[in-house]
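Taking it in order: structure first as structure tokens, then the write-up.
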Amino acid sequence: MKNGMIECSVCHSKLVSPSTKAVSRAYDRHRSKVSSKQRALNVLLVVGDCMLVGLQPILVFMSKVDGKFKFSPISVNFLTEVAKVLFAIVMLLIQARRQKVGEKPLLSISTFVQAARNNVLLAVPALLYAINNYLKFTMQLYFNPATVKMLSNLKVLVIAVLLKIVMKRRFSIIQWEALALLLIGISINQLRSLPEGTSAMGLPVATGAYIYTMIFVTVPSMASVFNEYALKSQYDTSIYLQNLFLYGYGAIFNFLGILGTVIIKGPDSFDILQGHSKATILLIINNAAQGILSSFFFKYADTILKKYSSTVATIFTGIASAAMFGHTLTINFILGISVVFISMHQFFSPLSKVKDEQENGVLEMEPQNDHRFILGTGRV
């Protein structure tokens, strides 16, 4: 490399060194050249995510008896992780049977050990998800389902900041404005949404709401960004093998949570099936499917699309909770949802895409299909 330029050893064309901005621009080019097959996958992911995410708070609400949970939320999270582990194992067996002759075997010990070492970073989002999944149940005790979904939409802004810091994503001014609109839409919905004088765990409702919201927004946002980073950093590894590690770590962390509950509450709390009903079984299935679908978002799409998809589920949650539980859809909710949809349209509009610029008077060249650029090596 000389003067920030890299010369290809094959065609001798000169390329700008892959700086942070160059890598970000490569991501933007990839996003602007999405194939019709990829767009179809994105649509399916969004539709499926809207249904699953929309149902989740409804099922949690149905699981409550007299406003409380008769089961341990950690047990639901543990059983969910076990279900996802079993799914990953089944899919790995199917994928291994379809391997062609000469391909590296997926089920060999060497492949498993190497993949485990390369994907050890997945333990970080697994721990954060374990904490977040417990927080979901806590939030449901003090907020109705539609409000929980609107609060969770705050994650989009936090995720955008984390993506810019961790993954060097670039956002245009229009996209930042769209995120600001999203916050405005959420704020409109939250105006006077809680009765005066109510409390959460002994704290005034205003203080409790702020604390819960801050934790509820920050922890899953960090989990999502680190999950996307971990999955994409080992892109050649089978997603089912990566999911096996992610869900395995998650099951371990939730099991440790169960042991902690046993130490605090006594041996009787070790019965992980105690207090479960048909609603909790459906909740476990829904959470498992939602987690599996999320991994495809993070590896083959991106976190922003995932969170906007979850935002769309808000309207489904609000209507369903109103129909099933009699929760009132206020004018604030309707106006807030309208602003959220305007924000989503603005964020993904072609006019909002980041424009490439020239640096130091040199126009960056895109590598041709027959030359693969190797990041960090200075070779093509």
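Ligands are numbered from 1 in the order shown, chains are lettered A, B, ... in the order of the structure tokens, and residues start at 1 in each chain.
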*Got a sec to tell me which of range 123-343 of chain A DSSP assigns to alpha helix (DSSP H), as a PyMOL selection string?*
chain A and resi 123-142+145-152+155-166+173-190+205-233+239-265+278-300+303-325+331-343
_Long-range neighbours of range 336-338 of chain A as a list in words, 6 Å cut-off, only C-alpha atoms, 4 positions minimum in chain_ =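 Residues meeting the cut-off are Gly185, Ile186, Ile188, Asn189 and Asn332 of chain A.
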*So which one's closest to Val43 in chain A, A:Phe71, A:Phe297, A:Phe61, A:Phe112? Using only C-alpha atoms, please.*
A:Phe297
Would you pick out the contacts of range 228-236 of chain A at 7 Å or less, using only C-alpha atoms, so that residues sharing its chain but fewer than 5 positions from it are not included, and give the list as a short mmCIF file (atom, residue, chain, number, x, y, z; two decimals) with N, CA, C and O atoms, in the first residue's frame?
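To be explicit, this is the file written out as around.cif:
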```cif
data_model
loop_
_atom_site.label_atom_id
_atom_site.label_comp_id
_atom_site.auth_asym_id
_atom_site.auth_seq_id
_atom_site.Cartn_x
_atom_site.Cartn_y
_atom_site.Cartn_z
N ASN A 119 -16.82 -18.06 16.95
CA ASN A 119 -18.10 -17.43 17.28
C ASN A 119 -18.31 -17.24 18.78
O ASN A 119 -19.44 -17.10 19.23
N LEU A 121 -17.86 -14.70 20.42
CA LEU A 121 -18.45 -13.38 20.66
C LEU A 121 -19.97 -13.45 20.82
O LEU A 121 -20.59 -12.55 21.41
N LEU A 122 -20.59 -14.51 20.33
CA LEU A 122 -22.04 -14.66 20.45
C LEU A 122 -22.49 -14.79 21.90
O LEU A 122 -23.68 -14.62 22.20
N PHE A 298 -30.55 -10.41 11.21
CA PHE A 298 -29.24 -9.88 11.55
C PHE A 298 -28.15 -10.34 10.59
O PHE A 298 -27.19 -9.61 10.34
N LYS A 299 -28.28 -11.55 10.06
CA LYS A 299 -27.22 -12.05 9.18
C LYS A 299 -27.44 -11.65 7.72
O LYS A 299 -26.48 -11.31 7.02
#
```
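Of the listed residues (A:Met344, A:Leu79, A:Ile285, A:Leu44), A:Met344 comes nearest to Ile174 in chain A; the distances count only C-alpha atoms.
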*asked:* Using DSSP secondary structure from the backbone, list all strand (DSSP E or B) positions within range 172-296 of chain A, as number ranges by chain.
replied: A: 199-200, 203-204
I need the chosen residues saved as a CSV table (one decimal), in the first residue's frame, with all heavy atoms.
```csv
chain,number,residue,atom,x,y,z
A,199,SER,N,-48.0,3.3,40.6
A,199,SER,CA,-46.6,3.1,40.9
A,199,SER,C,-46.1,1.8,40.3
A,199,SER,O,-46.8,1.0,40.0
A,199,SER,CB,-46.4,3.1,42.5
A,199,SER,OG,-47.1,2.0,43.0
A,200,ALA,N,-44.7,1.8,40.3
A,200,ALA,CA,-44.1,0.6,39.7
A,200,ALA,C,-43.0,0.1,40.7
A,200,ALA,O,-42.0,0.8,40.9
A,200,ALA,CB,-43.5,0.9,38.4
A,203,LEU,N,-41.8,2.7,43.3
A,203,LEU,CA,-41.3,4.0,42.8
A,203,LEU,C,-42.5,4.8,42.2
A,203,LEU,O,-43.4,4.2,41.7
A,203,LEU,CB,-40.2,3.7,41.7
A,203,LEU,CG,-39.0,3.0,42.2
A,203,LEU,CD1,-38.1,2.8,41.0
A,203,LEU,CD2,-38.2,3.9,43.2
A,204,PRO,N,-42.4,6.1,42.3
A,204,PRO,CA,-43.4,6.9,41.5
A,204,PRO,C,-43.4,6.5,40.1
A,204,PRO,O,-42.3,6.2,39.5
A,204,PRO,CB,-42.9,8.3,41.7
A,204,PRO,CG,-42.1,8.3,43.0
A,204,PRO,CD,-41.4,6.9,43.0
```
